[in-house]
Structure formats: structure tokens, C-alpha cells
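Student: Structure: start.csv, CSV, C-alpha atoms and all ligand atoms.
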chain,number,residue,atom,x,y,z
P,40,MET,CA,120.7,123.2,132.0
P,41,ARG,CA,119.6,119.6,132.5
P,42,VAL,CA,119.0,118.0,129.2
P,43,LEU,CA,117.4,114.6,128.4
P,44,ILE,CA,118.5,113.0,125.1
P,45,THR,CA,116.4,110.1,123.8
P,46,GLY,CA,118.5,108.1,121.5
P,47,GLY,CA,121.6,109.6,123.1
P,48,ALA,CA,123.7,106.5,122.5
P,49,GLY,CA,123.1,106.8,118.8
P,50,PHE,CA,125.3,108.6,116.2
P,51,ILE,CA,123.8,112.2,116.4
P,52,GLY,CA,122.7,111.8,120.1
P,53,SER,CA,126.2,111.0,121.3
P,54,TYR,CA,127.6,114.2,119.6
P,55,LEU,CA,124.8,116.2,121.0
P,56,ALA,CA,125.6,114.9,124.5
P,57,GLU,CA,129.2,116.0,124.0
P,58,THR,CA,128.3,119.5,122.9
P,59,CYS,CA,125.9,119.9,125.9
P,60,LEU,CA,128.6,118.6,128.3
P,61,GLU,CA,131.1,121.0,126.9
P,62,ILE,CA,128.9,123.9,127.8
P,63,ASN,CA,128.3,122.6,131.3
P,64,ASP,CA,124.9,121.0,130.9
P,65,GLU,CA,123.9,118.0,132.9
P,66,VAL,CA,123.1,115.3,130.4
P,67,TYR,CA,120.6,112.4,130.8
P,68,ILE,CA,120.3,109.7,128.2
P,69,ILE,CA,117.7,107.1,127.5
P,70,ASP,CA,118.5,104.6,124.8
P,71,ASN,CA,117.5,101.0,124.2
P,72,LEU,CA,120.7,100.3,122.1
P,73,SER,CA,118.6,99.0,119.2
P,74,THR,CA,120.8,100.8,116.6
P,75,GLY,CA,122.9,102.8,119.1
P,76,SER,CA,125.9,101.6,121.2
P,77,LEU,CA,127.5,102.4,124.5
P,78,ASP,CA,130.8,102.6,122.5
P,79,ASN,CA,129.5,106.0,121.2
P,80,LEU,CA,129.6,107.3,124.8
P,81,LYS,CA,132.7,105.6,126.1
P,82,HIS,CA,135.0,108.6,125.6
P,83,LEU,CA,132.5,110.8,127.5
P,84,GLN,CA,132.0,108.3,130.3
P,85,GLU,CA,135.8,108.0,130.7
P,86,ASP,CA,136.3,111.8,130.8
P,87,SER,CA,136.7,112.9,134.4
P,88,ARG,CA,135.3,116.4,133.6
P,89,TYR,CA,131.9,114.8,132.9
P,90,LYS,CA,131.9,112.2,135.7
P,91,ASP,CA,129.1,113.8,137.7
P,92,ARG,CA,127.2,115.3,134.7
P,93,LEU,CA,126.5,112.3,132.4
P,94,PHE,CA,123.8,109.7,133.3
P,95,VAL,CA,123.0,106.9,130.9
P,96,HIS,CA,119.8,104.8,131.2
P,97,VAL,CA,119.6,101.7,128.9
P,98,ASP,CA,115.9,101.6,128.5
P,99,THR,CA,113.1,102.2,126.0
P,100,ILE,CA,111.1,105.4,125.5
P,101,PHE,CA,108.0,103.2,126.0
P,102,ASN,CA,108.9,102.7,129.7
P,103,ASP,CA,106.6,105.2,131.4
P,104,LYS,CA,108.3,105.0,134.8
P,105,ALA,CA,111.7,105.9,133.4
P,106,LEU,CA,110.3,108.7,131.2
P,107,LEU,CA,108.4,110.1,134.1
P,108,GLU,CA,111.5,110.4,136.2
P,109,LEU,CA,113.7,111.7,133.4
P,110,THR,CA,111.4,114.3,132.0
P,111,GLY,CA,110.5,115.4,135.5
P,112,THR,CA,114.2,115.9,136.2
P,113,CYS,CA,115.2,117.7,133.0
P,114,ASP,CA,114.6,121.2,131.6
P,115,VAL,CA,114.6,120.2,128.0
P,116,VAL,CA,114.2,117.0,126.0
P,117,PHE,CA,115.9,116.3,122.7
P,118,HIS,CA,113.9,113.5,121.1
P,119,LEU,CA,116.2,111.7,118.8
P,120,ALA,CA,115.2,108.0,119.5
P,121,ALA,CA,113.8,106.5,116.3
P,122,ALA,CA,114.0,103.7,113.9
P,123,VAL,CA,116.4,105.1,111.3
P,124,GLY,CA,117.8,104.2,107.9
P,125,VAL,CA,116.1,102.9,104.8
P,126,ARG,CA,117.4,99.4,105.2
P,127,TYR,CA,116.4,99.2,108.8
P,128,ILE,CA,112.8,100.5,108.0
P,129,LEU,CA,112.4,97.9,105.2
P,130,ALA,CA,113.5,95.1,107.5
P,131,ASN,CA,111.4,96.2,110.5
P,132,PRO,CA,108.4,97.9,109.1
P,133,LEU,CA,105.9,97.5,112.0
P,134,GLU,CA,108.4,98.1,114.8
P,135,SER,CA,109.7,101.2,113.0
P,136,ILE,CA,106.2,102.8,112.7
P,137,ARG,CA,105.5,102.0,116.4
P,138,THR,CA,108.7,103.5,117.6
P,139,ASN,CA,108.5,106.6,115.4
P,140,ILE,CA,104.8,107.5,116.0
P,141,LEU,CA,103.8,105.9,119.4
P,142,GLY,CA,107.2,106.4,120.9
P,143,THR,CA,107.3,110.1,120.0
P,144,GLU,CA,103.7,110.5,121.3
P,145,ASN,CA,104.8,109.0,124.6
P,146,VAL,CA,107.8,111.4,124.9
P,147,LEU,CA,105.5,114.4,124.1
P,148,LYS,CA,102.9,113.2,126.6
P,149,HIS,CA,105.5,113.3,129.4
P,150,CYS,CA,106.9,116.6,128.3
P,151,ALA,CA,103.4,118.1,128.3
P,152,ARG,CA,102.7,116.7,131.8
P,153,PHE,CA,105.8,118.6,133.2
P,154,LYS,CA,105.6,121.5,130.6
P,155,LYS,CA,109.2,120.8,129.4
P,156,LYS,CA,110.6,122.1,126.2
P,157,VAL,CA,111.1,119.4,123.6
P,158,LEU,CA,113.0,119.3,120.3
P,159,ILE,CA,111.9,116.7,117.7
P,160,ALA,CA,114.4,115.3,115.3
P,161,SER,CA,112.4,115.0,112.0
P,162,SER,CA,113.9,114.3,108.7
P,163,SER,CA,114.4,115.7,105.1
P,164,GLU,CA,112.6,112.5,104.1
P,165,VAL,CA,109.3,114.2,105.0
P,166,TYR,CA,109.6,116.3,101.7
P,167,GLY,CA,109.2,113.1,99.7
P,168,LYS,CA,109.7,113.0,95.9
P,169,HIS,CA,110.5,116.6,95.1
P,170,LEU,CA,113.0,117.5,92.3
P,171,HIS,CA,113.4,121.1,93.0
P,172,ALA,CA,116.0,122.8,95.2
P,173,PRO,CA,116.2,124.2,97.8
P,174,LEU,CA,113.5,122.6,99.8
P,175,LEU,CA,111.7,125.0,102.0
P,176,GLU,CA,109.8,124.4,105.3
P,177,THR,CA,106.6,125.7,103.6
P,178,ASP,CA,106.8,123.3,100.6
P,179,ASN,CA,104.1,120.8,99.8
P,180,ILE,CA,104.9,117.1,100.3
P,181,ILE,CA,104.7,114.3,97.7
P,182,TYR,CA,104.9,110.6,98.7
P,183,GLY,CA,104.6,107.3,96.9
P,184,PRO,CA,101.8,104.8,97.7
P,185,SER,CA,101.5,103.0,101.0
P,186,SER,CA,102.4,99.7,99.3
P,187,LYS,CA,106.0,101.0,99.2
P,188,SER,CA,107.0,100.7,102.8
P,189,ARG,CA,110.0,103.0,102.4
P,190,TRP,CA,107.6,105.9,102.6
P,191,SER,CA,106.5,104.8,106.1
P,192,TYR,CA,109.6,106.5,107.5
P,193,ALA,CA,108.8,109.8,105.9
P,194,THR,CA,105.1,109.6,106.9
P,195,SER,CA,106.0,108.6,110.5
P,196,LYS,CA,108.4,111.5,110.8
P,197,LEU,CA,105.7,113.9,109.4
P,198,MET,CA,103.2,112.5,111.8
P,199,ASP,CA,105.7,113.3,114.6
P,200,GLU,CA,105.6,116.9,113.4
P,201,PHE,CA,101.8,117.0,113.4
P,202,ILE,CA,101.6,115.5,116.9
P,203,ALA,CA,104.2,117.9,118.3
P,204,LEU,CA,102.5,120.9,116.7
P,205,ALA,CA,99.2,119.7,118.1
P,206,TYR,CA,100.6,119.6,121.6
P,207,HIS,CA,102.0,123.1,121.0
P,208,ARG,CA,98.6,124.4,119.9
P,209,THR,CA,96.5,122.5,122.4
P,210,ASN,CA,98.7,122.5,125.6
P,211,GLY,CA,101.0,125.4,124.9
P,212,LEU,CA,103.9,122.9,124.9
P,213,ASN,CA,107.2,124.5,123.7
P,214,VAL,CA,108.2,122.4,120.8
P,215,PHE,CA,111.0,122.8,118.3
P,216,ILE,CA,110.9,120.8,115.1
P,217,THR,CA,114.0,120.1,113.1
P,218,ARG,CA,114.2,118.4,109.7
P,219,LEU,CA,117.7,117.0,109.6
P,220,PHE,CA,119.3,116.5,106.1
P,221,ASN,CA,122.0,113.8,105.7
P,222,THR,CA,124.0,114.2,108.8
P,223,VAL,CA,127.4,112.6,108.7
P,224,GLY,CA,130.7,112.1,110.6
P,225,PRO,CA,132.8,109.6,112.4
P,226,ARG,CA,131.0,106.8,114.2
P,227,GLN,CA,128.0,106.7,111.9
P,228,SER,CA,127.2,103.1,111.2
P,229,GLY,CA,127.0,101.8,107.6
P,230,ALA,CA,124.9,98.9,108.7
P,231,TYR,CA,121.5,100.4,108.0
P,232,GLY,CA,122.0,101.8,104.6
P,233,MET,CA,124.0,105.1,105.3
P,234,VAL,CA,126.0,105.8,102.2
P,235,ILE,CA,129.2,107.5,103.4
P,236,PRO,CA,130.4,104.8,105.9
P,237,ARG,CA,129.4,102.1,103.3
P,238,PHE,CA,131.4,103.7,100.5
P,239,VAL,CA,134.5,104.4,102.7
P,240,SER,CA,134.5,100.9,104.1
P,241,GLN,CA,134.3,99.5,100.5
P,242,ALA,CA,137.1,101.8,99.4
P,243,LEU,CA,139.3,100.9,102.3
P,244,HIS,CA,138.8,97.2,101.4
P,245,ASN,CA,139.5,97.9,97.7
P,246,ALA,CA,136.0,96.5,97.0
P,247,PRO,CA,133.7,98.0,94.4
P,248,LEU,CA,131.8,101.1,95.6
P,249,THR,CA,128.1,100.0,95.0
P,250,VAL,CA,126.2,103.0,93.8
P,251,TYR,CA,122.4,102.5,93.6
P,252,GLY,CA,120.4,103.4,90.5
P,253,ASP,CA,122.3,105.5,88.0
P,254,GLY,CA,124.1,107.5,90.6
P,255,THR,CA,122.7,110.9,89.5
P,256,GLN,CA,120.7,111.3,92.7
P,257,SER,CA,122.2,114.0,94.9
P,258,ARG,CA,122.4,114.8,98.6
P,259,THR,CA,123.7,117.6,100.8
P,260,PHE,CA,125.8,116.3,103.6
P,261,THR,CA,126.2,118.1,106.9
P,262,TYR,CA,128.9,117.6,109.5
P,263,VAL,CA,127.3,116.2,112.7
P,264,LYS,CA,129.1,118.7,114.9
P,265,ASP,CA,127.6,121.6,112.9
P,266,VAL,CA,124.2,120.0,113.3
P,267,VAL,CA,124.2,119.4,117.0
P,268,ARG,CA,125.5,123.0,117.7
P,269,GLY,CA,122.4,124.1,115.8
P,270,LEU,CA,120.1,121.9,117.8
P,271,ARG,CA,121.4,123.0,121.1
P,272,ALA,CA,121.2,126.7,120.1
P,273,LEU,CA,117.6,126.4,118.9
P,274,VAL,CA,116.1,125.4,122.3
P,275,ASP,CA,117.4,128.7,123.7
P,276,SER,CA,115.6,130.7,121.1
P,277,GLU,CA,112.1,132.0,122.0
P,278,ALA,CA,111.5,132.7,118.3
P,279,ALA,CA,112.0,129.0,117.4
P,280,VAL,CA,109.1,127.8,119.6
P,281,GLY,CA,106.4,126.0,117.6
P,282,GLU,CA,108.4,126.3,114.3
P,283,VAL,CA,109.8,123.8,111.8
P,284,PHE,CA,113.4,124.3,110.6
P,285,ASN,CA,115.6,122.6,108.0
P,286,VAL,CA,119.0,121.7,109.5
P,287,GLY,CA,121.4,120.9,106.7
P,288,GLY,CA,124.4,121.9,104.6
P,289,ILE,CA,125.1,123.8,101.4
P,290,GLN,CA,127.2,121.4,99.2
P,291,GLU,CA,125.1,119.3,96.9
P,292,ILE,CA,126.8,116.2,95.4
P,293,THR,CA,125.6,113.3,93.3
P,294,MET,CA,126.3,109.7,94.5
P,295,LEU,CA,128.6,109.1,91.6
P,296,ASP,CA,130.7,112.1,92.4
P,297,LEU,CA,130.7,111.2,96.1
P,298,ALA,CA,132.0,107.7,95.2
P,299,ARG,CA,134.7,109.2,93.0
P,300,MET,CA,135.7,111.6,95.7
P,301,ILE,CA,136.0,108.8,98.3
P,302,ILE,CA,138.1,106.7,95.9
P,303,ARG,CA,140.5,109.6,95.4
P,304,LYS,CA,140.7,110.6,99.0
P,305,THR,CA,141.4,107.0,100.2
P,306,GLY,CA,143.8,106.3,97.3
P,307,SER,CA,141.8,103.1,96.8
P,308,GLY,CA,142.0,100.8,93.7
P,309,SER,CA,138.2,100.3,93.9
P,310,ARG,CA,135.9,100.7,90.9
P,311,ILE,CA,132.3,101.9,90.9
P,312,GLU,CA,129.5,99.4,90.3
P,313,LEU,CA,126.0,100.5,89.6
P,314,ILE,CA,123.4,98.4,91.3
P,315,PRO,CA,119.7,98.7,90.3
P,316,TYR,CA,117.4,99.8,93.1
P,317,ASP,CA,115.3,96.6,92.7
P,318,GLN,CA,118.4,94.6,93.7
P,319,ALA,CA,119.6,96.9,96.4
P,320,PHE,CA,116.3,97.3,98.2
P,321,GLU,CA,113.0,95.9,96.9
P,322,LYS,CA,111.0,95.7,93.7
P,323,ASP,CA,109.9,99.2,92.5
P,324,PHE,CA,111.9,100.9,95.2
P,325,GLU,CA,111.6,104.7,94.9
P,326,ASP,CA,114.4,107.1,95.9
P,327,MET,CA,114.5,110.8,96.4
P,328,GLN,CA,116.4,112.3,93.4
P,329,ARG,CA,117.5,115.5,95.1
P,330,ARG,CA,117.7,116.8,98.7
P,331,VAL,CA,119.0,120.3,99.2
P,332,PRO,CA,117.8,122.3,102.2
P,333,GLY,CA,116.9,126.0,102.3
P,334,ILE,CA,118.5,127.2,105.5
P,335,GLU,CA,117.5,130.8,105.6
P,336,LYS,CA,114.8,130.2,108.2
P,337,ILE,CA,117.1,128.7,110.8
P,338,LYS,CA,119.8,131.4,110.1
P,339,LYS,CA,117.3,134.0,111.0
P,340,VAL,CA,116.8,132.7,114.6
P,341,ILE,CA,120.3,131.3,115.5
P,342,ALA,CA,123.9,131.7,114.3
P,343,TYR,CA,123.7,128.5,112.3
P,344,ASP,CA,126.7,128.0,110.1
P,345,PRO,CA,127.3,124.6,108.6
P,346,LYS,CA,130.9,125.5,107.7
P,347,THR,CA,132.6,122.1,107.5
P,348,ASP,CA,133.0,121.2,103.8
P,349,LEU,CA,132.7,117.7,102.4
P,350,GLU,CA,136.4,117.2,101.9
P,351,THR,CA,137.1,117.9,105.5
P,352,ILE,CA,134.2,115.7,106.7
P,353,LEU,CA,135.5,112.8,104.6
P,354,ASP,CA,139.0,113.3,106.0
P,355,HIS,CA,137.6,112.9,109.6
P,356,ILE,CA,135.5,109.8,108.6
P,357,ILE,CA,138.3,108.1,106.7
P,358,ALA,CA,140.8,108.7,109.5
P,359,HIS,CA,138.3,107.3,112.1
P,360,MET,CA,137.5,104.2,110.0
P,361,LYS,CA,141.2,103.5,109.4
P,362,ASN,CA,141.9,103.8,113.1
P,363,SER,CA,139.0,101.6,114.1
P,364,ALA,CA,140.1,98.9,111.6
P,365,ALA,CA,143.7,99.1,112.9
P,366,ALA,CA,142.5,98.8,116.5
P,367,GLN,CA,140.6,95.5,115.7
P,401,LIG,N1,121.6,110.6,110.4
P,401,LIG,C1,120.9,111.3,109.6
P,401,LIG,O1,121.3,111.7,108.5
P,401,LIG,C2,119.4,111.8,110.0
P,401,LIG,C3,118.7,112.5,109.0
P,401,LIG,C4,117.4,112.9,109.3
P,401,LIG,C5,116.9,112.6,110.6
P,401,LIG,N2,117.6,111.9,111.5
P,401,LIG,C6,117.0,111.7,112.8
P,401,LIG,O2,117.9,111.9,113.8
P,401,LIG,C7,117.7,111.0,114.9
P,401,LIG,C8,119.0,110.3,115.3
P,401,LIG,O3,119.5,109.6,114.2
P,401,LIG,P1,120.9,108.9,114.1
P,401,LIG,O4,121.4,109.1,112.7
P,401,LIG,O5,121.7,109.3,115.2
P,401,LIG,O6,120.5,107.3,114.2
P,401,LIG,P2,120.9,106.3,115.3
P,401,LIG,O7,120.2,105.0,114.9
P,401,LIG,O8,122.3,106.3,115.6
P,401,LIG,O9,120.1,106.9,116.6
P,401,LIG,C9,118.8,106.5,117.0
P,401,LIG,C10,118.9,106.1,118.5
P,401,LIG,O10,117.6,105.8,119.0
P,401,LIG,C11,117.7,104.6,119.8
P,401,LIG,N3,116.4,104.0,119.9
P,401,LIG,C12,115.6,103.5,118.9
P,401,LIG,N4,114.4,103.1,119.4
P,401,LIG,C13,114.4,103.4,120.7
P,401,LIG,C14,113.5,103.2,121.8
P,401,LIG,N5,112.3,102.6,121.6
P,401,LIG,N6,113.9,103.6,123.0
P,401,LIG,C15,115.1,104.2,123.3
P,401,LIG,N7,116.0,104.4,122.3
P,401,LIG,C16,115.7,104.0,121.1
P,401,LIG,C17,118.7,103.7,119.0
P,401,LIG,O11,119.3,102.7,119.8
P,401,LIG,C18,119.7,104.8,118.6
P,401,LIG,O12,120.8,104.9,119.6
P,401,LIG,C19,116.6,110.1,114.5
P,401,LIG,O13,115.4,110.6,115.0
P,401,LIG,C20,116.6,110.2,113.0
P,401,LIG,O14,115.3,110.0,112.4
P,401,LIG,C21,118.9,111.5,111.2
Using C-alpha cells, write down the structure from this file.

Tutor:
Amino acid sequence: MRVLITGGAGFIGSYLAETCLEINDEVYIIDNLSTGSLDNLKHLQEDSRYKDRLFVHVDTIFNDKALLELTGTCDVVFHLAAAVGVRYILANPLESIRTNILGTENVLKHCARFKKKVLIASSSEVYGKHLHAPLLETDNIIYGPSSKSRWSYATSKLMDEFIALAYHRTNGLNVFITRLFNTVGPRQSGAYGMVIPRFVSQALHNAPLTVYGDGTQSRTFTYVKDVVRGLRALVDSEAAVGEVFNVGGIQEITMLDLARMIIRKTGSGSRIELIPYDQAFEKDFEDMQRRVPGIEKIKKVIAYDPKTDLETILDHIIAHMKNSAAAQ
């Protein structure tokens, strides 16, 4: 199959590219390198097995000419390009909304023109301020006010879902909507507020692990390789067309316990320092207290099995970050 991955030089996109190449897909990538990097693709570009099957275009999803060519060429589009990360969204509020809403509409418009399947990478953020677990695809959604720009990410991703579903209903476009929960693994950047690379970096430098709020907020981390296998399998499922799926793991952990686990696993002398949200982000910042996915729906349509446990995920990330530091 010929696949186009928007945001393919990003963290998840580069793993998806690898999974597709492993099963003999031809892979086309469009990425403007705003938060992604060609370093994420170097090992694939240097692999002789993939020499004639990997094509990387450094460009924006707003370039109609490039999108026209690429969507025309490919059988399926994985739309991952987005402004990502709470810190990035707060620093670039307008550009983030434009990328996540207008950029997605542009990708969908081209897919509709050529009647190409398209998978949308939405986010667990769309659920907003729920406290219950697990979160189900049919749950209501609760956001804070528009004066708090952190909610613009959730809202823009939800808008992507509405636009994609509208294309499905209006044009019969084959869309697949995936709500990714915290997806982690080696190569994820800590620069835009992602917690695990930030904690591991702090632990490896014996610096305090800075936990925001009181540290009782929890997340369910999923290994990136488990996630991308799920995304690739979904687009082959007829039953998944026009549906919304949670894609996440099963092991809930609080940020305090995560920090403790990372200190133990790195053998670090670091201590934990609690930082009020106001100081870490902005005045009256609101976080999501819990984020645990219900994954029964996706398991009904594909053999989705997020089997990599957090200890193993952390082993991979710590080894990668130690190697990268040694190579510098
Ligand atoms: N990492 C997670 O835990 C997580 C959770 C929920 C949803 N997601 C979604 O998954 C997708 C991938 O996220 P990621 O973690 O790999 O982040 P990432 O920042 O590594 O990847 C996003 C990629 O999109 C590219 N991009 C941004 N604007 C672009 C534009 N206008 N044109 C072309 N490329 C552009 C960036 O350069 C980057 O390579 C995003 O849509 C994100 O919202 C990620």
C-alpha cells in the first residue's frame, strides 16, 4: 500500500513510517519540521531495504500543490501533523489553532477530492476535565473557559473530529478517528512539556524532578510501537470506517509515582520538587486529573494489544537518552 504520513518526521509519525516500511508499504512523508526532525528518519533513510520506498518532503500541509500530488499518489493518509504539547500550544496559540483546524481541513479536502482513506490523530485531551475512568468514546466532554488557552488544543482536536465525520457523512469519505492517550517511547522530545523525557533527563542529570501541582494527577502511558501497529491495522478494517477509537494503554500511574519509578530505574540521586501549576504554565492553569482509556471498542475491530508495560517502556527510553547523551 502507498501511505502518506503528515507529520511523519515527528515522534509518532517516524515510528508509523517504520511499521509501514516493515510490512512493505511505500511511505511518503510531508513535514515542515516545526517540532519534528529529520533525525527521527535518519535510520530509515540509511536502511538499504527502504531506499526505494521512503520519500520525504519537507513542506507544510498548507501547500496545496504538494498535497495534491501526494494525496493523488497514495492509497491512505495518516494525518498526524499538528501543533502538539501543552507548552507549545501556550507559546503559539494562534498558529496552533490554525494548524490543527485549517491544516486538517486542507488534508481532508484533498482526501475527499481523490476519495482516499484518511486516519485522523486526535487526542485524549478532547475528553477535557473528567474525573472518572475509563473514558469511553461515547462520553460527554467538559472544558474550561476560552480564556484558558490550554483548552484550545482539546477544542481544535475535537473540531478535527467533527470535520472528519462531516466529510464522512457528506462525501462518503472513509475516515478513521483515533484518540491517542499519552504515547511514549525513545526519541520523544521533552522540549514541549512531555513528562517522561523531561523526568528522565532531570534524573540523568541528578537534578530535581519537577512534578507539577500535587502530583496526584494520573496518566496511562502507551508504548509508541503498540500505538502505531494499532493505527496501521485500523485502516484495513471496514468496520472502523467513520468511527472514533481510543488508542491507549492499561496501566494508570500518578505523576508522583512516575517520578519515583524513574529515580529508582535510573539510580539517580535526584529528589522530587513540587511546582505549582501557576508557576509551571500560566495563572489559573487547569490540568486533567485522570486520563484512562476504555479500549474495548478498538479491540472489537482489530487485534489491538498494548502489551508493553511501563517498566519496559522506561528501560527503552532511559537507554536511548543515555546513548544520545554519550554520543554528544
Ligand atoms: N504524543 C502523544 O502522546 C499524543 C497524544 C495524543 C495525540 N497525539 C497526536 O499525534 C500526532 C503526532 O504527535 P507527536 O507526539 O508525534 O508530535 P510531534 O510534534 O513529534 O509530531 C507532529 C509533527 O507534525 C509536524 N507539523 C506541524 N505542523 C505542520 C505543518 N503545518 N505541516 C507539516 N507538518 C507539520 C511537526 O513538525 C511534527 O513532526 C499529533 O496529531 C498529536 O496531536 C499525540

Student: What does the distance between atom C5 of ligand LIG 401 (chain P) and atom CA of His118 of chain P come to in Å, to one decimal place?

Tutor: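 Atom-to-atom, atom C5 of ligand LIG 401 (chain P) to atom CA of His118 of chain P, that is 11.0 Å.
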
Student: Taking only C-alpha atoms into account, produce a table as CSV in which each residue of segment 172-214 of chain P with an atom at most 12 Å from an atom of segment 259-269 of chain P appears once, together with its shortest atom pair and the distance in Å to one decimal, ordered by chain and rising number.

Tutor:
residue,atom,partner,partner_atom,distance
P:Ala172,CA,P:Thr259,CA,10.8
P:Pro173,CA,P:Thr259,CA,10.4
P:Leu174,CA,P:Thr259,CA,11.4

Student: For each of P:Arg92, P:Lys156, P:Arg299, P:Arg137, take the minimum atom-to-atom distance to Cys113 of chain P, counting only C-alpha atoms, then give the residue where this is smallest.

Tutor: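 Of the candidates, the smallest distance to Cys113 of chain P is held by P:Lys156.
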
Student: Which neighbours of Ala342 of chain P fall inside 12 Å, counting only C-alpha atoms, when residues of the same chain fewer than 5 positions from it are skipped, and could you give them as a ChimeraX atom specification?

Tutor: /P:265-266,268-273,275-276,334-337

Student: Could the residues of chain P that have an atom at most 6 Å from ligand LIG 401 (chain P) be listed as JSON lines, each with its closest atom pair and the distance in Å to one decimal, counting all atoms listed in the file and ordered by chain and ascending residue number?

Tutor:
{"residue": "P:Thr45", "atom": "CA", "partner": "P:LIG401", "partner_atom": "N7", "distance": 5.9}
{"residue": "P:Gly46", "atom": "CA", "partner": "P:LIG401", "partner_atom": "O10", "distance": 3.5}
{"residue": "P:Gly47", "atom": "CA", "partner": "P:LIG401", "partner_atom": "O12", "distance": 5.9}
{"residue": "P:Ala48", "atom": "CA", "partner": "P:LIG401", "partner_atom": "O12", "distance": 4.4}
{"residue": "P:Gly49", "atom": "CA", "partner": "P:LIG401", "partner_atom": "O12", "distance": 3.1}
{"residue": "P:Phe50", "atom": "CA", "partner": "P:LIG401", "partner_atom": "O5", "distance": 3.8}
{"residue": "P:Ile51", "atom": "CA", "partner": "P:LIG401", "partner_atom": "O5", "distance": 3.8}
{"residue": "P:Gly52", "atom": "CA", "partner": "P:LIG401", "partner_atom": "O5", "distance": 5.6}
{"residue": "P:Ile69", "atom": "CA", "partner": "P:LIG401", "partner_atom": "C15", "distance": 5.7}
{"residue": "P:Asp70", "atom": "CA", "partner": "P:LIG401", "partner_atom": "N7", "distance": 3.5}
{"residue": "P:Asn71", "atom": "CA", "partner": "P:LIG401", "partner_atom": "C15", "distance": 4.1}
{"residue": "P:Leu72", "atom": "CA", "partner": "P:LIG401", "partner_atom": "O11", "distance": 3.6}
{"residue": "P:Ser73", "atom": "CA", "partner": "P:LIG401", "partner_atom": "O11", "distance": 3.8}
{"residue": "P:Thr74", "atom": "CA", "partner": "P:LIG401", "partner_atom": "O11", "distance": 4.0}
{"residue": "P:Gly75", "atom": "CA", "partner": "P:LIG401", "partner_atom": "O12", "distance": 3.0}
{"residue": "P:Asp98", "atom": "CA", "partner": "P:LIG401", "partner_atom": "C15", "distance": 5.9}
{"residue": "P:Thr99", "atom": "CA", "partner": "P:LIG401", "partner_atom": "N6", "distance": 3.4}
{"residue": "P:Ile100", "atom": "CA", "partner": "P:LIG401", "partner_atom": "N6", "distance": 4.2}
{"residue": "P:Leu119", "atom": "CA", "partner": "P:LIG401", "partner_atom": "O13", "distance": 4.0}
{"residue": "P:Ala120", "atom": "CA", "partner": "P:LIG401", "partner_atom": "O10", "distance": 3.3}
{"residue": "P:Ala121", "atom": "CA", "partner": "P:LIG401", "partner_atom": "C12", "distance": 4.4}
{"residue": "P:Ala122", "atom": "CA", "partner": "P:LIG401", "partner_atom": "C12", "distance": 5.3}
{"residue": "P:Val123", "atom": "CA", "partner": "P:LIG401", "partner_atom": "O14", "distance": 5.1}
{"residue": "P:Thr138", "atom": "CA", "partner": "P:LIG401", "partner_atom": "N5", "distance": 5.5}
{"residue": "P:Ala160", "atom": "CA", "partner": "P:LIG401", "partner_atom": "O13", "distance": 4.8}
{"residue": "P:Ser161", "atom": "CA", "partner": "P:LIG401", "partner_atom": "C5", "distance": 5.3}
{"residue": "P:Ser162", "atom": "CA", "partner": "P:LIG401", "partner_atom": "C4", "distance": 3.8}
{"residue": "P:Ser163", "atom": "CA", "partner": "P:LIG401", "partner_atom": "C4", "distance": 5.9}
{"residue": "P:Leu219", "atom": "CA", "partner": "P:LIG401", "partner_atom": "C4", "distance": 4.1}
{"residue": "P:Phe220", "atom": "CA", "partner": "P:LIG401", "partner_atom": "C3", "distance": 5.0}
{"residue": "P:Asn221", "atom": "CA", "partner": "P:LIG401", "partner_atom": "O1", "distance": 3.6}
{"residue": "P:Thr222", "atom": "CA", "partner": "P:LIG401", "partner_atom": "O1", "distance": 3.7}

Student: Have a look at atom CA of Leu158 of chain P and atom CA of Glu200 of chain P and let me know their distance in Å, one decimal.

Tutor: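 That distance, rounded to one decimal, is 10.4 Å.
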
Student: My list of candidates is P:Val165, P:Ala151, P:Met233, P:Ile352. Which is closest to His207 of chain P when distances are computed with all atoms listed in the file?

Tutor: P:Ala151

Student: Residues around (123.4, 104.2, 85.1), cut-off 9 Å, counting all atoms listed in the file - what are they as a VMD selection string?

Tutor: chain P and resid 251 to 255 313 to 315

Student: Restricting the calculation to all atoms listed in the file, which member of P:Ala246, P:Val274, P:Ala56, P:Val234 is positioned closest to Ile44 of chain P?

Tutor: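 With all atoms listed in the file as the atom set, the closest residue is P:Ala56.
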
Student: Please indicate the distance in Å from atom CA of Gln256 of chain P to atom CA of His169 of chain P, rounded to one decimal place.

Tutor: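 Atom CA of His169 of chain P lies at a distance of 11.7 Å from atom CA of Gln256 of chain P.
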
Student: Excluding same-chain residues fewer than 6 positions from segment 181-188 of chain P, what lies within 8 Å of it counting only C-alpha atoms, as a PyMOL selection string?

Tutor: chain P and resi 128-129+132+166-169+323-325

Student: Let me see the file: selected residues, C-alpha atoms, as a compact mmCIF listing (two decimals), keeping the file's coordinate frame.

Tutor:
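The resulting file, out_31.txt, is reproduced below:
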# COMPACT_ATOMS: atom_id res chain seq x y z
CA ILE P 128 112.80 100.50 108.00
CA LEU P 129 112.40 97.90 105.20
CA PRO P 132 108.40 97.90 109.10
CA TYR P 166 109.60 116.30 101.70
CA GLY P 167 109.20 113.10 99.70
CA LYS P 168 109.70 113.00 95.90
CA HIS P 169 110.50 116.60 95.10
CA ASP P 323 109.90 99.20 92.50
CA PHE P 324 111.90 100.90 95.20
CA GLU P 325 111.60 104.70 94.90

Student: In terms of the shortest atom-to-atom distance over only C-alpha atoms, which of P:Leu43, P:His96, P:Thr217, P:Met198 is closest to Cys150 of chain P?

Tutor: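 Among P:Leu43, P:His96, P:Thr217, P:Met198, it is P:Leu43 that comes nearest to Cys150 of chain P.
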
Student: Using only C-alpha atoms, pick whichever of P:Tyr89, P:Phe201, P:Phe238, P:Tyr231 has the shortest atom-to-atom distance to Ala298 of chain P.

Tutor: P:Phe238

Student: Determine the nearest neighbour of Gln241 of chain P from the options P:Gly281, P:Gly142, P:Gly287, P:Gly308, counting all atoms listed in the file.

Tutor: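 Of P:Gly281, P:Gly142, P:Gly287, P:Gly308, the one nearest Gln241 of chain P is P:Gly308, counting all atoms listed in the file.
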
Student: Quick one: residues within 10 Å of Ile202 of chain P, all atoms listed in the file, excluding same-chain residues fewer than 3 positions away - as a PyMOL selection string?

Tutor: chain P and resi 140+143-144+147+196-199+205-208

Student: Which residues, written as a list in words, have at least one atom at most 6 Å from Arg258 of chain P, with all atoms listed in the file counted and residues fewer than 4 positions away on the same chain left out?

Tutor: Glu291, Ile292 and Arg330 of chain P

Student: Take the residues from that selection and write them out as a compact mmCIF listing (two decimals), in the frame of the given file, keeping C-alpha atoms.

Tutor:
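Final output, saved to selection-v3.txt:
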# COMPACT_ATOMS: atom_id res chain seq x y z
CA GLU P 291 125.10 119.30 96.90
CA ILE P 292 126.80 116.20 95.40
CA ARG P 330 117.70 116.80 98.70

Student: Excluding Thr305 of chain P and residues on its chain fewer than 2 positions from it, collect all residues at most 7 Å away from it, counting all atoms listed in the file, and give them as a list in words.

Tutor: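 Within the cut-off, the hits are Ala242, Leu243, Ile301, Ile302, Arg303 and Ser307 of chain P.
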